[in-house]
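Let me begin by presenting the structure, written as structure tokens, before commenting on it.
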Amino acid sequence: MEQLLQQIEQLKQEINAFEGVNGEAAEAFRIKYLGTKGIIKGLMGEMKSVPNEQKKDFGQVMNSLKQLAEEKWESLKGAEDNSTTESGIDWSLPGDAASVGGRHPISLVRNQIVSIFKRLGFAIAEGPEIEDDWHNFTALNLPENHPARDMQDTFYISQNPDWLLRTHTSSVQARMMETHKPPIRIICPGRVYRNETISARAHCFFHQVEGLYVDEHVSFADLKQTLYFFVKEMFGKDVKVRFRPSYFPFTEPSAEMDISCSVCGGSGCSLCKHTGWVEILGCGMVHPKMLDNFGIDSNKYTGFAFGMGMERICQIKYRVNDLRLYSQNDVRFLKQFTGGI
Ligand code: PHE
């Protein structure tokens, strides 16, 4: 009797622990425990070996076991009725929503810039991010020990051969003039690197777009008109521009271009540092020495070049005030740009 009671106790635990959600599992459970050749029927047969005075107690224990098994079976069947089909898959469950991705704000800005210049007949050129000293500096009229090299803190990779991470996309200008004869009309979007401490206003890498147009009779007026067209398309027809004299070793004369602040409309805010103007690019007429460096006759050909930071354009367009946001991949930031092209 002792042994029988132990066996029953074990069965109860087994029944409680039984898990299964489909029809097959419920039926297997029924056959195993409640069937005509099932465990419970078999145990009932033991009644005859139980001493008479204990028969009543044994009967009660067996009844509670049977009740437990029946309840379990009902619940297994119930689970099947409510949530599953024969295959065990609930076709009525709602699907997992697939979230729609979006382009990175820098990609949005690059696509817009590219499409505007494409309409003016500019082709796209690309170059390597790991450059040599010649294409990044020397060919651009920045010989060794030239003080203007300090304008851009450089990541040097090796000294001999002198590999470095390009500090500007002007290196692509150099590569284009090296391999192509005028007319050259290109823009080069790409990533550039500078050895700067990362903060809201500076980063060790960012993105630029360089433009270059070399042909006969290219003038400063062409440069101005091209950039004027660009900013109107990019920021709207009410935008104003101004050029300030500047210095770049590879252009002469050189200028920096400001646009009227699109955030405050000129009345003064933190973006324009209360001046009403924001600087967006550097530009100028290609230095004759640079043309000569590549065997382009500087008496016959002239050219203009310009370069701008995409993060800057993005900042003005989307009011992003911390450069670090572009590379942190925080989806809460990136999600705000879904829907762009
Ligand atoms: N390369 C310059 C810079 O990175 C920008 C520039 C490009 C200026 C072309 C003039 C002409 O600051």
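Just remember, in the structure tokens the first chain shown is A, the second B, etc., residues are 1-based per chain, and ligands are 1-based in the order shown.
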
task: Name each residue within 10 Å of ligand 1, counting only C-alpha atoms and all ligand atoms, as a ChimeraX atom specification.
output: /A:136,140,151-152,166-171,173,192,207-212,246-256,281-287,304-309

Writer output for current selection, C-alpha atoms, as a PDB file, in the first residue's frame:
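Result file out_35.pdb:
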ATOM      1  CA  ASN A 136      46.505  65.292 -50.457  1.00  0.00           C
ATOM      2  CA  LEU A 140      47.669  70.982 -54.245  1.00  0.00           C
ATOM      3  CA  MET A 151      45.216  74.117 -41.174  1.00  0.00           C
ATOM      4  CA  GLN A 152      44.318  70.438 -41.196  1.00  0.00           C
ATOM      5  CA  ARG A 166      42.869  62.241 -46.620  1.00  0.00           C
ATOM      6  CA  THR A 167      42.081  65.492 -44.850  1.00  0.00           C
ATOM      7  CA  HIS A 168      39.860  66.815 -47.628  1.00  0.00           C
ATOM      8  CA  THR A 169      38.277  65.647 -50.870  1.00  0.00           C
ATOM      9  CA  SER A 170      40.566  68.013 -52.784  1.00  0.00           C
ATOM     10  CA  SER A 171      42.753  64.948 -53.247  1.00  0.00           C
ATOM     11  CA  GLN A 173      40.541  66.967 -57.658  1.00  0.00           C
ATOM     12  CA  VAL A 192      37.585  62.835 -44.754  1.00  0.00           C
ATOM     13  CA  HIS A 207      32.024  64.323 -45.048  1.00  0.00           C
ATOM     14  CA  GLN A 208      32.802  66.807 -47.772  1.00  0.00           C
ATOM     15  CA  VAL A 209      31.718  67.492 -51.318  1.00  0.00           C
ATOM     16  CA  GLU A 210      34.301  68.997 -53.594  1.00  0.00           C
ATOM     17  CA  GLY A 211      33.492  70.542 -56.951  1.00  0.00           C
ATOM     18  CA  LEU A 212      35.862  71.194 -59.834  1.00  0.00           C
ATOM     19  CA  SER A 246      39.935  83.945 -47.925  1.00  0.00           C
ATOM     20  CA  TYR A 247      43.025  81.844 -48.466  1.00  0.00           C
ATOM     21  CA  PHE A 248      43.543  78.313 -49.767  1.00  0.00           C
ATOM     22  CA  PRO A 249      46.887  77.277 -51.242  1.00  0.00           C
ATOM     23  CA  PHE A 250      45.227  75.572 -54.213  1.00  0.00           C
ATOM     24  CA  THR A 251      42.974  78.465 -55.294  1.00  0.00           C
ATOM     25  CA  GLU A 252      43.723  82.054 -56.211  1.00  0.00           C
ATOM     26  CA  PRO A 253      41.765  84.183 -55.586  1.00  0.00           C
ATOM     27  CA  SER A 254      40.014  82.312 -52.775  1.00  0.00           C
ATOM     28  CA  ALA A 255      36.769  83.025 -50.991  1.00  0.00           C
ATOM     29  CA  GLU A 256      34.445  81.710 -48.365  1.00  0.00           C
ATOM     30  CA  LEU A 281      31.935  76.581 -48.075  1.00  0.00           C
ATOM     31  CA  GLY A 282      35.364  77.500 -49.327  1.00  0.00           C
ATOM     32  CA  CYS A 283      36.026  78.160 -52.997  1.00  0.00           C
ATOM     33  CA  GLY A 284      38.191  79.928 -55.533  1.00  0.00           C
ATOM     34  CA  MET A 285      39.828  79.836 -58.962  1.00  0.00           C
ATOM     35  CA  VAL A 286      42.135  76.846 -59.364  1.00  0.00           C
ATOM     36  CA  HIS A 287      45.726  77.987 -58.770  1.00  0.00           C
ATOM     37  CA  PHE A 304      37.071  76.931 -60.262  1.00  0.00           C
ATOM     38  CA  ALA A 305      36.837  74.652 -57.236  1.00  0.00           C
ATOM     39  CA  PHE A 306      34.756  74.621 -54.101  1.00  0.00           C
ATOM     40  CA  GLY A 307      34.459  72.378 -51.069  1.00  0.00           C
ATOM     41  CA  MET A 308      31.870  72.093 -48.344  1.00  0.00           C
ATOM     42  CA  GLY A 309      31.129  69.974 -45.296  1.00  0.00           C
TER      43      GLY A 309
END

Once you count only C-alpha atoms, what closest atom pair and distance in Å to one decimal does each residue of stretch 107-183 of chain A within 12 Å of stretch 314-332 of chain A have, with rows by chain and rising residue number, as JSON lines?
{"residue": "A:Ser107", "atom": "CA", "partner": "A:Cys314", "partner_atom": "CA", "distance": 9.8}
{"residue": "A:Leu108", "atom": "CA", "partner": "A:Cys314", "partner_atom": "CA", "distance": 8.7}
{"residue": "A:Val109", "atom": "CA", "partner": "A:Cys314", "partner_atom": "CA", "distance": 6.3}
{"residue": "A:Arg110", "atom": "CA", "partner": "A:Cys314", "partner_atom": "CA", "distance": 9.3}
{"residue": "A:Asn111", "atom": "CA", "partner": "A:Cys314", "partner_atom": "CA", "distance": 11.8}
{"residue": "A:Gln112", "atom": "CA", "partner": "A:Cys314", "partner_atom": "CA", "distance": 10.8}
{"residue": "A:Ile113", "atom": "CA", "partner": "A:Cys314", "partner_atom": "CA", "distance": 10.9}

Please produce an output containing all heavy atoms for each residue in the selection, written as a short mmCIF file (atom, residue, chain, number, x, y, z; two decimals), in the first residue's frame.
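And here is the file that came out, selection10.cif:
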data_model
loop_
_atom_site.label_atom_id
_atom_site.label_comp_id
_atom_site.auth_asym_id
_atom_site.auth_seq_id
_atom_site.Cartn_x
_atom_site.Cartn_y
_atom_site.Cartn_z
N SER A 107 23.33 60.93 -45.81
CA SER A 107 23.00 60.39 -47.13
C SER A 107 21.94 61.24 -47.81
O SER A 107 21.99 61.48 -49.02
CB SER A 107 22.48 58.95 -47.03
OG SER A 107 23.43 58.14 -46.41
N LEU A 108 20.97 61.70 -47.01
CA LEU A 108 19.91 62.54 -47.59
C LEU A 108 20.52 63.80 -48.20
O LEU A 108 20.20 64.19 -49.33
CB LEU A 108 18.91 62.95 -46.51
CG LEU A 108 18.02 61.87 -45.92
CD1 LEU A 108 17.15 62.44 -44.83
CD2 LEU A 108 17.15 61.25 -47.01
N VAL A 109 21.41 64.43 -47.43
CA VAL A 109 22.03 65.66 -47.89
C VAL A 109 22.92 65.39 -49.11
O VAL A 109 22.88 66.13 -50.10
CB VAL A 109 22.82 66.33 -46.74
CG1 VAL A 109 23.82 67.33 -47.25
CG2 VAL A 109 21.85 67.01 -45.79
N ARG A 110 23.69 64.30 -49.05
CA ARG A 110 24.56 63.98 -50.19
C ARG A 110 23.72 63.76 -51.45
O ARG A 110 24.04 64.29 -52.52
CB ARG A 110 25.39 62.73 -49.91
CG ARG A 110 26.41 62.48 -51.02
CD ARG A 110 27.03 61.11 -50.95
NE ARG A 110 26.02 60.09 -50.81
CZ ARG A 110 26.17 58.99 -50.09
NH1 ARG A 110 27.28 58.77 -49.45
NH2 ARG A 110 25.19 58.11 -50.00
N ASN A 111 22.61 63.02 -51.32
CA ASN A 111 21.77 62.76 -52.50
C ASN A 111 21.23 64.06 -53.09
O ASN A 111 21.16 64.22 -54.31
CB ASN A 111 20.62 61.82 -52.14
CG ASN A 111 21.12 60.43 -51.82
OD1 ASN A 111 22.29 60.13 -52.04
ND2 ASN A 111 20.26 59.58 -51.31
N GLN A 112 20.84 64.97 -52.20
CA GLN A 112 20.31 66.25 -52.70
C GLN A 112 21.40 67.05 -53.42
O GLN A 112 21.17 67.61 -54.49
CB GLN A 112 19.76 67.09 -51.54
CG GLN A 112 18.44 66.55 -51.00
CD GLN A 112 18.01 67.30 -49.75
OE1 GLN A 112 17.93 68.52 -49.74
NE2 GLN A 112 17.72 66.58 -48.69
N ILE A 113 22.57 67.11 -52.81
CA ILE A 113 23.68 67.88 -53.41
C ILE A 113 24.02 67.28 -54.78
O ILE A 113 24.13 67.99 -55.78
CB ILE A 113 24.93 67.87 -52.49
CG1 ILE A 113 24.62 68.58 -51.18
CG2 ILE A 113 26.12 68.53 -53.19
CD1 ILE A 113 25.73 68.51 -50.15
#

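One finds atom CA of A:Thr302 at 6.0 Å from atom CA of A:Glu216.
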
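Of note, atom CA of A:Gly20 and atom CA of A:Glu71 are spaced 14.1 Å apart.
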
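Scanning stretch 187-246 of chain A with DSSP on the backbone, the strand (DSSP E) assignments fall on Ile187, Cys188, Pro189, Gly190, Arg191, Val192, Tyr193, Phe205, Phe206, His207, Gln208, Val209, Glu210, Gly211, Leu212, Tyr213, Val214, Asp215, Val241, Arg242, Phe243, Arg244, Pro245 and Ser246 of chain A.
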
query: Of the candidates A:Gln10, A:Thr197, A:Thr138, A:Ser262, which shows the shortest atom-to-atom distance to A:Asp162, using only C-alpha atoms?
result: A:Thr138

field: Proximity to A:Val50 - best of A:Glu19, A:Asp133, A:Glu2, A:Asp150, only C-alpha atoms
entry: A:Glu2
